[in-house]
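One file, entry_14.cif, is given below (mmCIF, C-alpha atoms, pLDDT in the B column; chains and numbers go by the auth columns).
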```cif
data_target
loop_
_atom_site.group_PDB
_atom_site.id
_atom_site.type_symbol
_atom_site.label_atom_id
_atom_site.label_comp_id
_atom_site.label_asym_id
_atom_site.label_seq_id
_atom_site.Cartn_x
_atom_site.Cartn_y
_atom_site.Cartn_z
_atom_site.B_iso_or_equiv
_atom_site.auth_seq_id
_atom_site.auth_asym_id
ATOM 1 C CA MET A 1 -9.426 -34.860 -8.586 95.00 1 A
ATOM 2 C CA LYS A 2 -11.303 -32.565 -6.280 94.00 2 A
ATOM 3 C CA VAL A 3 -11.202 -28.876 -5.401 96.00 3 A
ATOM 4 C CA LEU A 4 -11.727 -27.397 -1.942 97.00 4 A
ATOM 5 C CA PRO A 5 -12.584 -23.681 -1.688 97.00 5 A
ATOM 6 C CA VAL A 6 -10.882 -21.874 1.206 97.00 6 A
ATOM 7 C CA PRO A 7 -12.528 -18.483 1.875 97.00 7 A
ATOM 8 C CA VAL A 8 -9.954 -15.819 2.793 97.00 8 A
ATOM 9 C CA ARG A 9 -10.071 -12.068 3.484 96.00 9 A
ATOM 10 C CA GLU A 10 -13.544 -10.534 3.179 95.00 10 A
ATOM 11 C CA ASP A 11 -14.650 -12.182 -0.055 97.00 11 A
ATOM 12 C CA ASN A 12 -11.668 -13.890 -1.717 97.00 12 A
ATOM 13 C CA TYR A 13 -11.329 -17.560 -2.505 98.00 13 A
ATOM 14 C CA ALA A 14 -8.163 -19.580 -2.213 98.00 14 A
ATOM 15 C CA TYR A 15 -8.433 -23.190 -3.341 98.00 15 A
ATOM 16 C CA LEU A 16 -6.832 -26.555 -2.792 98.00 16 A
ATOM 17 C CA LEU A 17 -6.510 -28.517 -6.030 98.00 17 A
ATOM 18 C CA ILE A 18 -6.265 -32.104 -4.832 97.00 18 A
ATOM 19 C CA ASP A 19 -5.065 -35.188 -6.664 95.00 19 A
ATOM 20 C CA ASP A 20 -6.937 -37.745 -4.606 91.00 20 A
ATOM 21 C CA ALA A 21 -4.998 -40.598 -6.208 91.00 21 A
ATOM 22 C CA SER A 22 -1.759 -39.432 -4.560 94.00 22 A
ATOM 23 C CA ASN A 23 -3.060 -37.114 -1.789 96.00 23 A
ATOM 24 C CA VAL A 24 -1.017 -34.154 -3.018 98.00 24 A
ATOM 25 C CA ALA A 25 -2.397 -30.687 -3.639 98.00 25 A
ATOM 26 C CA ALA A 26 -1.644 -27.297 -5.136 98.00 26 A
ATOM 27 C CA ALA A 27 -2.728 -24.152 -3.323 98.00 27 A
ATOM 28 C CA VAL A 28 -4.304 -21.569 -5.619 98.00 28 A
ATOM 29 C CA ASP A 29 -3.917 -17.924 -4.519 98.00 29 A
ATOM 30 C CA PRO A 30 -3.108 -18.942 -0.908 98.00 30 A
ATOM 31 C CA TYR A 31 -3.393 -15.498 0.666 98.00 31 A
ATOM 32 C CA ASP A 32 -3.901 -16.877 4.179 98.00 32 A
ATOM 33 C CA VAL A 33 -1.276 -19.596 4.443 98.00 33 A
ATOM 34 C CA PRO A 34 -2.195 -20.851 7.941 98.00 34 A
ATOM 35 C CA LYS A 35 -5.832 -21.234 6.893 98.00 35 A
ATOM 36 C CA VAL A 36 -4.906 -22.996 3.653 98.00 36 A
ATOM 37 C CA ARG A 37 -2.477 -25.255 5.489 98.00 37 A
ATOM 38 C CA ALA A 38 -5.136 -26.132 8.077 98.00 38 A
ATOM 39 C CA ALA A 39 -7.555 -27.043 5.278 98.00 39 A
ATOM 40 C CA ALA A 40 -4.895 -29.273 3.720 98.00 40 A
ATOM 41 C CA ASP A 41 -4.193 -30.954 7.050 98.00 41 A
ATOM 42 C CA GLU A 42 -7.889 -31.564 7.620 98.00 42 A
ATOM 43 C CA ALA A 43 -8.187 -33.071 4.133 98.00 43 A
ATOM 44 C CA GLY A 44 -5.133 -35.235 4.732 98.00 44 A
ATOM 45 C CA VAL A 45 -3.198 -33.922 1.732 98.00 45 A
ATOM 46 C CA ARG A 46 0.331 -32.630 1.217 98.00 46 A
ATOM 47 C CA ILE A 47 0.799 -29.263 -0.512 98.00 47 A
ATOM 48 C CA VAL A 48 3.372 -29.554 -3.308 98.00 48 A
ATOM 49 C CA ALA A 49 2.810 -26.399 -5.401 98.00 49 A
ATOM 50 C CA GLY A 50 1.460 -22.863 -5.374 98.00 50 A
ATOM 51 C CA ILE A 51 -0.522 -21.375 -8.259 99.00 51 A
ATOM 52 C CA THR A 52 -1.083 -17.626 -8.655 98.00 52 A
ATOM 53 C CA THR A 53 -3.738 -16.215 -10.974 98.00 53 A
ATOM 54 C CA HIS A 54 -2.352 -12.641 -11.073 98.00 54 A
ATOM 55 C CA HIS A 55 -0.159 -10.228 -9.145 98.00 55 A
ATOM 56 C CA HIS A 56 -2.766 -8.262 -7.149 98.00 56 A
ATOM 57 C CA PHE A 57 -2.005 -8.391 -3.431 98.00 57 A
ATOM 58 C CA ASP A 58 -5.255 -10.083 -2.404 98.00 58 A
ATOM 59 C CA HIS A 59 -4.238 -13.046 -4.583 98.00 59 A
ATOM 60 C CA SER A 60 -0.430 -13.095 -4.362 98.00 60 A
ATOM 61 C CA GLY A 61 0.023 -11.515 -0.934 98.00 61 A
ATOM 62 C CA GLY A 62 0.518 -14.862 0.783 98.00 62 A
ATOM 63 C CA ASN A 63 3.259 -16.059 -1.550 98.00 63 A
ATOM 64 C CA GLN A 64 6.235 -15.104 0.602 98.00 64 A
ATOM 65 C CA ALA A 65 4.746 -16.882 3.604 98.00 65 A
ATOM 66 C CA PHE A 66 3.828 -19.817 1.364 98.00 66 A
ATOM 67 C CA ALA A 67 7.420 -20.064 0.094 98.00 67 A
ATOM 68 C CA SER A 68 8.688 -20.095 3.667 98.00 68 A
ATOM 69 C CA ALA A 69 6.177 -22.729 4.752 98.00 69 A
ATOM 70 C CA PHE A 70 6.669 -24.931 1.690 98.00 70 A
ATOM 71 C CA PRO A 71 10.215 -24.236 0.446 98.00 71 A
ATOM 72 C CA ASP A 72 10.255 -27.165 -1.979 98.00 72 A
ATOM 73 C CA ALA A 73 6.960 -26.205 -3.664 98.00 73 A
ATOM 74 C CA PRO A 74 7.200 -24.353 -6.988 98.00 74 A
ATOM 75 C CA ILE A 75 5.091 -21.209 -7.335 98.00 75 A
ATOM 76 C CA TYR A 76 3.559 -20.739 -10.779 99.00 76 A
ATOM 77 C CA GLY A 77 2.427 -17.411 -12.219 98.00 77 A
ATOM 78 C CA GLY A 78 2.337 -15.159 -15.238 98.00 78 A
ATOM 79 C CA SER A 79 4.921 -12.438 -14.473 98.00 79 A
ATOM 80 C CA ASP A 80 7.798 -11.454 -12.247 97.00 80 A
ATOM 81 C CA LYS A 81 5.441 -9.046 -10.454 98.00 81 A
ATOM 82 C CA ILE A 82 4.246 -12.092 -8.517 98.00 82 A
ATOM 83 C CA PRO A 83 6.077 -12.474 -5.184 98.00 83 A
ATOM 84 C CA ALA A 84 8.249 -15.553 -4.669 98.00 84 A
ATOM 85 C CA LEU A 85 7.626 -16.735 -8.244 98.00 85 A
ATOM 86 C CA THR A 86 9.727 -19.737 -9.251 98.00 86 A
ATOM 87 C CA LYS A 87 7.926 -20.961 -12.398 98.00 87 A
ATOM 88 C CA LEU A 88 6.996 -18.308 -14.970 98.00 88 A
ATOM 89 C CA VAL A 89 4.211 -19.552 -17.260 98.00 89 A
ATOM 90 C CA LYS A 90 2.673 -18.298 -20.477 98.00 90 A
ATOM 91 C CA ASP A 91 -0.275 -19.212 -22.658 98.00 91 A
ATOM 92 C CA LYS A 92 -0.604 -22.935 -23.385 98.00 92 A
ATOM 93 C CA ASP A 93 2.156 -23.932 -20.951 98.00 93 A
ATOM 94 C CA GLU A 94 1.410 -27.171 -19.117 98.00 94 A
ATOM 95 C CA PHE A 95 2.443 -28.804 -15.863 98.00 95 A
ATOM 96 C CA THR A 96 1.165 -31.469 -13.490 97.00 96 A
ATOM 97 C CA VAL A 97 0.120 -31.691 -9.854 97.00 97 A
ATOM 98 C CA GLY A 98 0.324 -35.380 -9.046 95.00 98 A
ATOM 99 C CA GLY A 99 -1.836 -36.910 -11.743 94.00 99 A
ATOM 100 C CA ILE A 100 -3.672 -33.655 -12.553 96.00 100 A
ATOM 101 C CA HIS A 101 -2.940 -31.973 -15.857 97.00 101 A
ATOM 102 C CA VAL A 102 -2.797 -28.161 -15.715 98.00 102 A
ATOM 103 C CA ARG A 103 -2.964 -25.998 -18.853 98.00 103 A
ATOM 104 C CA CYS A 104 -2.291 -22.275 -18.665 99.00 104 A
ATOM 105 C CA LEU A 105 -4.603 -19.841 -20.455 99.00 105 A
ATOM 106 C CA ALA A 106 -3.332 -16.272 -20.785 98.00 106 A
ATOM 107 C CA THR A 107 -6.250 -13.889 -20.230 98.00 107 A
ATOM 108 C CA PRO A 108 -4.759 -10.371 -20.023 98.00 108 A
ATOM 109 C CA CYS A 109 -7.080 -7.510 -19.091 98.00 109 A
ATOM 110 C CA HIS A 110 -7.783 -7.263 -15.363 98.00 110 A
ATOM 111 C CA THR A 111 -3.997 -7.459 -15.179 98.00 111 A
ATOM 112 C CA GLN A 112 -1.622 -8.186 -18.009 98.00 112 A
ATOM 113 C CA ASP A 113 -0.297 -11.230 -16.135 98.00 113 A
ATOM 114 C CA SER A 114 -3.693 -12.845 -15.564 98.00 114 A
ATOM 115 C CA ILE A 115 -3.500 -16.589 -16.138 98.00 115 A
ATOM 116 C CA CYS A 116 -6.439 -18.957 -15.885 99.00 116 A
ATOM 117 C CA TYR A 117 -5.600 -22.584 -15.149 98.00 117 A
ATOM 118 C CA HIS A 118 -7.609 -25.387 -16.779 98.00 118 A
ATOM 119 C CA VAL A 119 -7.300 -28.589 -14.757 98.00 119 A
ATOM 120 C CA THR A 120 -8.281 -32.128 -15.731 97.00 120 A
ATOM 121 C CA SER A 121 -7.631 -35.635 -14.473 93.00 121 A
ATOM 122 C CA SER A 122 -8.687 -39.129 -15.465 79.00 122 A
ATOM 123 C CA ALA A 123 -7.593 -40.624 -12.142 74.00 123 A
ATOM 124 C CA GLY A 124 -9.275 -40.732 -8.749 60.00 124 A
ATOM 125 C CA ALA A 125 -12.757 -39.320 -8.130 60.00 125 A
ATOM 126 C CA ALA A 126 -14.663 -38.358 -11.268 81.00 126 A
ATOM 127 C CA HIS A 127 -14.534 -34.643 -12.041 91.00 127 A
ATOM 128 C CA PRO A 128 -15.567 -32.857 -15.258 94.00 128 A
ATOM 129 C CA GLY A 129 -12.543 -30.545 -15.150 96.00 129 A
ATOM 130 C CA GLY A 130 -12.249 -27.055 -13.757 97.00 130 A
ATOM 131 C CA VAL A 131 -10.782 -23.649 -14.433 98.00 131 A
ATOM 132 C CA PHE A 132 -9.335 -21.234 -11.883 98.00 132 A
ATOM 133 C CA THR A 133 -10.252 -17.820 -13.243 98.00 133 A
ATOM 134 C CA GLY A 134 -8.934 -15.390 -10.620 98.00 134 A
ATOM 135 C CA ASP A 135 -10.457 -11.986 -11.334 98.00 135 A
ATOM 136 C CA THR A 136 -11.131 -12.611 -15.027 98.00 136 A
ATOM 137 C CA LEU A 137 -14.444 -14.506 -14.886 98.00 137 A
ATOM 138 C CA PHE A 138 -16.885 -14.409 -11.969 98.00 138 A
ATOM 139 C CA VAL A 139 -20.317 -15.964 -11.564 97.00 139 A
ATOM 140 C CA ALA A 140 -22.444 -13.773 -13.873 98.00 140 A
ATOM 141 C CA GLY A 141 -19.666 -11.182 -14.092 98.00 141 A
ATOM 142 C CA CYS A 142 -16.064 -10.341 -14.914 98.00 142 A
ATOM 143 C CA GLY A 143 -13.204 -8.344 -13.447 98.00 143 A
ATOM 144 C CA ARG A 144 -12.510 -4.659 -13.934 98.00 144 A
ATOM 145 C CA PHE A 145 -10.216 -3.689 -16.789 98.00 145 A
ATOM 146 C CA PHE A 146 -7.413 -2.302 -14.623 98.00 146 A
ATOM 147 C CA GLU A 147 -4.635 -3.039 -17.117 98.00 147 A
ATOM 148 C CA GLY A 148 -6.565 -3.801 -20.274 98.00 148 A
ATOM 149 C CA THR A 149 -9.373 -3.005 -22.672 98.00 149 A
ATOM 150 C CA GLY A 150 -12.801 -4.248 -23.591 98.00 150 A
ATOM 151 C CA ALA A 151 -11.287 -5.995 -26.584 98.00 151 A
ATOM 152 C CA GLU A 152 -8.934 -7.917 -24.295 98.00 152 A
ATOM 153 C CA MET A 153 -11.710 -8.951 -21.898 98.00 153 A
ATOM 154 C CA HIS A 154 -13.842 -10.071 -24.822 98.00 154 A
ATOM 155 C CA ALA A 155 -10.902 -12.164 -26.066 98.00 155 A
ATOM 156 C CA ALA A 156 -10.317 -13.578 -22.566 98.00 156 A
ATOM 157 C CA LEU A 157 -13.933 -14.620 -21.997 98.00 157 A
ATOM 158 C CA SER A 158 -14.210 -15.964 -25.544 98.00 158 A
ATOM 159 C CA TYR A 159 -11.125 -18.081 -24.838 98.00 159 A
ATOM 160 C CA LEU A 160 -12.687 -19.456 -21.657 98.00 160 A
ATOM 161 C CA ALA A 161 -15.896 -20.140 -23.589 98.00 161 A
ATOM 162 C CA THR A 162 -14.000 -22.677 -25.718 98.00 162 A
ATOM 163 C CA LEU A 163 -13.503 -24.956 -22.688 98.00 163 A
ATOM 164 C CA PRO A 164 -15.795 -27.991 -22.379 97.00 164 A
ATOM 165 C CA PRO A 165 -19.269 -26.887 -21.232 98.00 165 A
ATOM 166 C CA ALA A 166 -19.162 -28.946 -18.019 96.00 166 A
ATOM 167 C CA THR A 167 -15.931 -27.272 -16.872 97.00 167 A
ATOM 168 C CA VAL A 168 -16.418 -25.989 -13.314 97.00 168 A
ATOM 169 C CA VAL A 169 -15.558 -22.319 -12.721 97.00 169 A
ATOM 170 C CA TYR A 170 -13.486 -21.572 -9.617 97.00 170 A
ATOM 171 C CA ASP A 171 -13.403 -17.787 -9.439 98.00 171 A
ATOM 172 C CA GLY A 172 -11.435 -15.494 -7.163 97.00 172 A
ATOM 173 C CA HIS A 173 -14.160 -13.630 -5.253 97.00 173 A
ATOM 174 C CA GLU A 174 -17.666 -14.143 -3.908 96.00 174 A
ATOM 175 C CA TYR A 175 -19.440 -11.453 -5.929 96.00 175 A
ATOM 176 C CA THR A 176 -22.454 -13.494 -7.004 96.00 176 A
ATOM 177 C CA LYS A 177 -25.272 -11.410 -5.500 95.00 177 A
ATOM 178 C CA GLY A 178 -23.988 -8.120 -6.903 96.00 178 A
ATOM 179 C CA SER A 179 -23.294 -9.634 -10.305 97.00 179 A
ATOM 180 C CA LEU A 180 -26.762 -11.211 -10.372 97.00 180 A
ATOM 181 C CA ALA A 181 -28.395 -7.873 -9.593 98.00 181 A
ATOM 182 C CA PHE A 182 -26.585 -6.192 -12.474 98.00 182 A
ATOM 183 C CA ALA A 183 -27.279 -9.053 -14.880 98.00 183 A
ATOM 184 C CA LYS A 184 -31.003 -8.837 -14.084 98.00 184 A
ATOM 185 C CA HIS A 185 -30.846 -5.080 -14.665 97.00 185 A
ATOM 186 C CA VAL A 186 -29.452 -5.437 -18.197 97.00 186 A
ATOM 187 C CA ASP A 187 -31.065 -8.770 -19.189 97.00 187 A
ATOM 188 C CA PRO A 188 -34.251 -8.990 -17.087 95.00 188 A
ATOM 189 C CA ASP A 189 -36.099 -11.586 -19.143 95.00 189 A
ATOM 190 C CA ASN A 190 -33.281 -14.126 -19.334 97.00 190 A
ATOM 191 C CA PRO A 191 -34.705 -17.369 -17.867 97.00 191 A
ATOM 192 C CA ALA A 192 -31.210 -18.526 -16.922 98.00 192 A
ATOM 193 C CA LEU A 193 -30.952 -15.612 -14.490 97.00 193 A
ATOM 194 C CA ALA A 194 -34.145 -16.751 -12.818 96.00 194 A
ATOM 195 C CA ARG A 195 -32.445 -20.118 -12.352 96.00 195 A
ATOM 196 C CA LEU A 196 -29.350 -18.445 -10.898 96.00 196 A
ATOM 197 C CA GLU A 197 -31.509 -16.396 -8.557 95.00 197 A
ATOM 198 C CA ARG A 198 -33.184 -19.564 -7.281 95.00 198 A
ATOM 199 C CA LEU A 199 -29.796 -21.178 -6.677 94.00 199 A
ATOM 200 C CA VAL A 200 -28.686 -18.171 -4.638 94.00 200 A
ATOM 201 C CA ARG A 201 -31.975 -17.899 -2.739 93.00 201 A
ATOM 202 C CA ASP A 202 -32.006 -21.615 -1.913 93.00 202 A
ATOM 203 C CA GLY A 203 -28.440 -21.473 -0.624 89.00 203 A
ATOM 204 C CA THR A 204 -27.111 -23.796 -3.324 88.00 204 A
ATOM 205 C CA LEU A 205 -24.679 -21.072 -4.342 83.00 205 A
ATOM 206 C CA PRO A 206 -21.999 -20.194 -3.457 83.00 206 A
ATOM 207 C CA GLY A 207 -21.312 -23.670 -2.051 80.00 207 A
ATOM 208 C CA ARG A 208 -21.780 -25.257 -5.453 86.00 208 A
ATOM 209 C CA ARG A 209 -19.715 -23.853 -8.288 92.00 209 A
ATOM 210 C CA THR A 210 -21.097 -22.938 -11.711 96.00 210 A
ATOM 211 C CA THR A 211 -19.911 -24.171 -15.115 97.00 211 A
ATOM 212 C CA ILE A 212 -18.788 -22.646 -18.389 98.00 212 A
ATOM 213 C CA ALA A 213 -22.156 -23.698 -19.845 98.00 213 A
ATOM 214 C CA ASP A 214 -23.955 -21.803 -17.060 98.00 214 A
ATOM 215 C CA GLU A 215 -21.897 -18.678 -17.601 98.00 215 A
ATOM 216 C CA LYS A 216 -22.588 -18.682 -21.343 98.00 216 A
ATOM 217 C CA GLU A 217 -26.311 -18.711 -20.505 98.00 217 A
ATOM 218 C CA TRP A 218 -26.490 -16.056 -17.786 98.00 218 A
ATOM 219 C CA ASN A 219 -23.324 -13.953 -17.775 98.00 219 A
ATOM 220 C CA PRO A 220 -23.984 -10.708 -19.690 98.00 220 A
ATOM 221 C CA PHE A 221 -20.262 -10.266 -20.372 98.00 221 A
ATOM 222 C CA MET A 222 -20.360 -13.544 -22.304 98.00 222 A
ATOM 223 C CA ARG A 223 -23.568 -12.581 -24.138 98.00 223 A
ATOM 224 C CA LEU A 224 -22.475 -9.435 -25.962 98.00 224 A
ATOM 225 C CA ASP A 225 -24.419 -10.290 -29.112 97.00 225 A
ATOM 226 C CA SER A 226 -27.713 -10.868 -27.275 97.00 226 A
ATOM 227 C CA GLY A 227 -30.543 -8.430 -27.963 97.00 227 A
ATOM 228 C CA PRO A 228 -30.861 -7.062 -24.408 97.00 228 A
ATOM 229 C CA VAL A 229 -27.117 -6.439 -24.022 98.00 229 A
ATOM 230 C CA GLN A 230 -26.919 -4.831 -27.456 98.00 230 A
ATOM 231 C CA LYS A 231 -29.825 -2.572 -26.540 97.00 231 A
ATOM 232 C CA VAL A 232 -28.568 -1.442 -23.146 97.00 232 A
ATOM 233 C CA THR A 233 -25.055 -0.702 -24.445 98.00 233 A
ATOM 234 C CA GLY A 234 -26.030 0.922 -27.738 97.00 234 A
ATOM 235 C CA GLY A 235 -24.685 -2.000 -29.740 96.00 235 A
ATOM 236 C CA GLY A 236 -21.713 -2.161 -32.047 94.00 236 A
ATOM 237 C CA GLU A 237 -18.586 -4.275 -32.222 96.00 237 A
ATOM 238 C CA PRO A 238 -17.899 -6.644 -29.304 97.00 238 A
ATOM 239 C CA SER A 239 -15.071 -4.520 -27.906 98.00 239 A
ATOM 240 C CA ALA A 240 -17.277 -1.415 -27.796 98.00 240 A
ATOM 241 C CA VAL A 241 -20.151 -3.374 -26.254 98.00 241 A
ATOM 242 C CA MET A 242 -17.811 -4.833 -23.638 98.00 242 A
ATOM 243 C CA ASP A 243 -16.444 -1.391 -22.725 98.00 243 A
ATOM 244 C CA ALA A 244 -19.954 0.058 -22.462 98.00 244 A
ATOM 245 C CA LEU A 245 -21.210 -2.871 -20.389 98.00 245 A
ATOM 246 C CA ARG A 246 -18.264 -2.629 -17.990 98.00 246 A
ATOM 247 C CA THR A 247 -18.900 1.108 -17.552 98.00 247 A
ATOM 248 C CA LEU A 248 -22.529 0.374 -16.744 98.00 248 A
ATOM 249 C CA LYS A 249 -21.450 -2.227 -14.189 98.00 249 A
ATOM 250 C CA ASN A 250 -18.908 0.140 -12.619 97.00 250 A
ATOM 251 C CA ASN A 251 -21.655 2.734 -12.112 97.00 251 A
ATOM 252 C CA PHE A 252 -24.411 0.312 -11.088 97.00 252 A
ATOM 253 C CA ARG A 253 -25.786 0.840 -7.592 91.00 253 A
ATOM 254 C CA GLY A 254 -28.766 -1.511 -7.691 75.00 254 A
#
```

Rewritten as structure tokens:
Amino acid sequence: MKVLPVPVREDNYAYLLIDDASNVAAAVDPYDVPKVRAAADEAGVRIVAGITTHHHFDHSGGNQAFASAFPDAPIYGGSDKIPALTKLVKDKDEFTVGGIHVRCLATPCHTQDSICYHVTSSAGAAHPGGVFTGDTLFVAGCGRFFEGTGAEMHAALSYLATLPPATVVYDGHEYTKGSLAFAKHVDPDNPALARLERLVRDGTLPGRRTTIADEKEWNPFMRLDSGPVQKVTGGGEPSAVMDALRTLKNNFRG
């Protein structure tokens, strides 16, 4: 199993999830179908499925073109708001892409139909497993609560935190520098953030993806009970801390 990022729009990521044992692939949030198809052709793989993380246009806006280009490929997603949907999925549903096992994790908040997809394979090239998080989890950040609450985002990120630590995070946008700046603002003495800053400065990120273990160390939205986050938000229950932290991030101009 391997995953190829395909940058689209200004800062979005589409991905090719490739089963290298059979040379088939799923396209995740393929907004720019010609670009995704060209990446598949260059990699020598055949696209057999589409996977949508949520209904927002910058993620699902390529689905109609994808369905036309790949009429036999199912399109998976979490609600009928998703264009060209053929396979409605819910929490803990499972399917396969070649020899890759895909497990659906419902993470409502950014949208109520947000689904993260945990992918694993024991065949082909060694890979620790990955998770496509859309706009739920970013490097050192999380998505806005457009259709949900702090309690729901806390539940979503806590759910993702139960994945194996080495799980690679494939998020939906390149927001790393802005998220790092905010994380340093609220948690300035966290040594993990110094490590993240070095990775960004050295150019290692965004080319290399982070892991669930990394995010638990440096992502303030996954560290609600830490002293610095409690202090900057005024403390309290996780849902209240999450709401306060998101408000701070929304207003941050650093």

List every residue of region 83-133 of chain A that has an atom at most 8 Å from any atom of region 40-53 of chain A, giving for each one its closest atom pair and the distance in Å to one decimal, counting all atoms listed in the file, sorted by chain and then by ascending residue number, as a Markdown table.
```
| residue | atom | partner | partner_atom | distance |
| --- | --- | --- | --- | --- |
| A:Val97 | CA | A:Ala49 | CA | 7.4 |
| A:Asp113 | CA | A:Thr53 | CA | 8.0 |
| A:Ser114 | CA | A:Thr53 | CA | 5.7 |
| A:Ile115 | CA | A:Thr53 | CA | 5.2 |
| A:Cys116 | CA | A:Thr53 | CA | 6.2 |
| A:Tyr117 | CA | A:Thr53 | CA | 7.8 |
| A:Phe132 | CA | A:Thr53 | CA | 7.6 |
| A:Thr133 | CA | A:Thr53 | CA | 7.1 |
```

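Distances here use all atoms listed in the file; by that measure, the residue among A:Pro128, A:Gly78, A:Pro220, A:Pro83 closest to Gly141 (chain A) is A:Pro220.
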
Open item on the list: Take the PyMOL selection byres ((chain A and resi 62-71) around 7), run it mentally on this structure, and tell me the resulting residues as a list in words.
Closed with: Pro30, Tyr31, Asp32, Val33, Ser60, Gly61, Asp72, Ala73, Pro83 and Ala84 of chain A

With 10 Å as the cut-off and only C-alpha atoms counted, what is the closest atom pair between each nearby residue of region 121-151 of chain A and region 203-219 of chain A? Distances in Å to one decimal, ordered by chain and number, as a Markdown table.
```
| residue | atom | partner | partner_atom | distance |
| --- | --- | --- | --- | --- |
| A:Pro128 | CA | A:Thr211 | CA | 9.7 |
| A:Gly129 | CA | A:Thr211 | CA | 9.7 |
| A:Gly130 | CA | A:Thr211 | CA | 8.3 |
| A:Val131 | CA | A:Ile212 | CA | 9.0 |
| A:Leu137 | CA | A:Glu215 | CA | 9.0 |
| A:Phe138 | CA | A:Glu215 | CA | 8.7 |
| A:Val139 | CA | A:Glu215 | CA | 6.8 |
| A:Ala140 | CA | A:Asn219 | CA | 4.0 |
| A:Gly141 | CA | A:Asn219 | CA | 5.9 |
| A:Cys142 | CA | A:Asn219 | CA | 8.6 |
```

Task: CA of Phe146 (chain A) to CA of Lys81 (chain A), straight-line distance in Å - done: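 CA of Lys81 (chain A) sits 15.1 Å away from CA of Phe146 (chain A).
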
Open item on the list: To one decimal place in Å, what is the distance between CA of Asp225 (chain A) and CA of Asp91 (chain A)?
Closed with: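 We find that CA of Asp225 (chain A) and CA of Asp91 (chain A) lie 26.5 Å from each other.
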
Open item on the list: I'd like to see the residues matched by the PyMOL selection byres ((chain A and resi 145) around 12) on this file, and ideally I'd get them as a ChimeraX atom specification.
Closed with: /A:107-112,114,135-137,142-144,146-154,156,242-247,249-250

TODO: Go through A:Arg198, A:Tyr170, A:His54, A:Ser158 one by one, measure the shortest atom-to-atom distance of each to Lys2 (chain A) using all atoms listed in the file, and give the residue with the smallest value.
DONE: A:Tyr170

- [ ] Give me, please, the distance in Å between CA of His127 (chain A) and CA of Pro191 (chain A), quoted to one decimal.
- [x] 27.2 Å
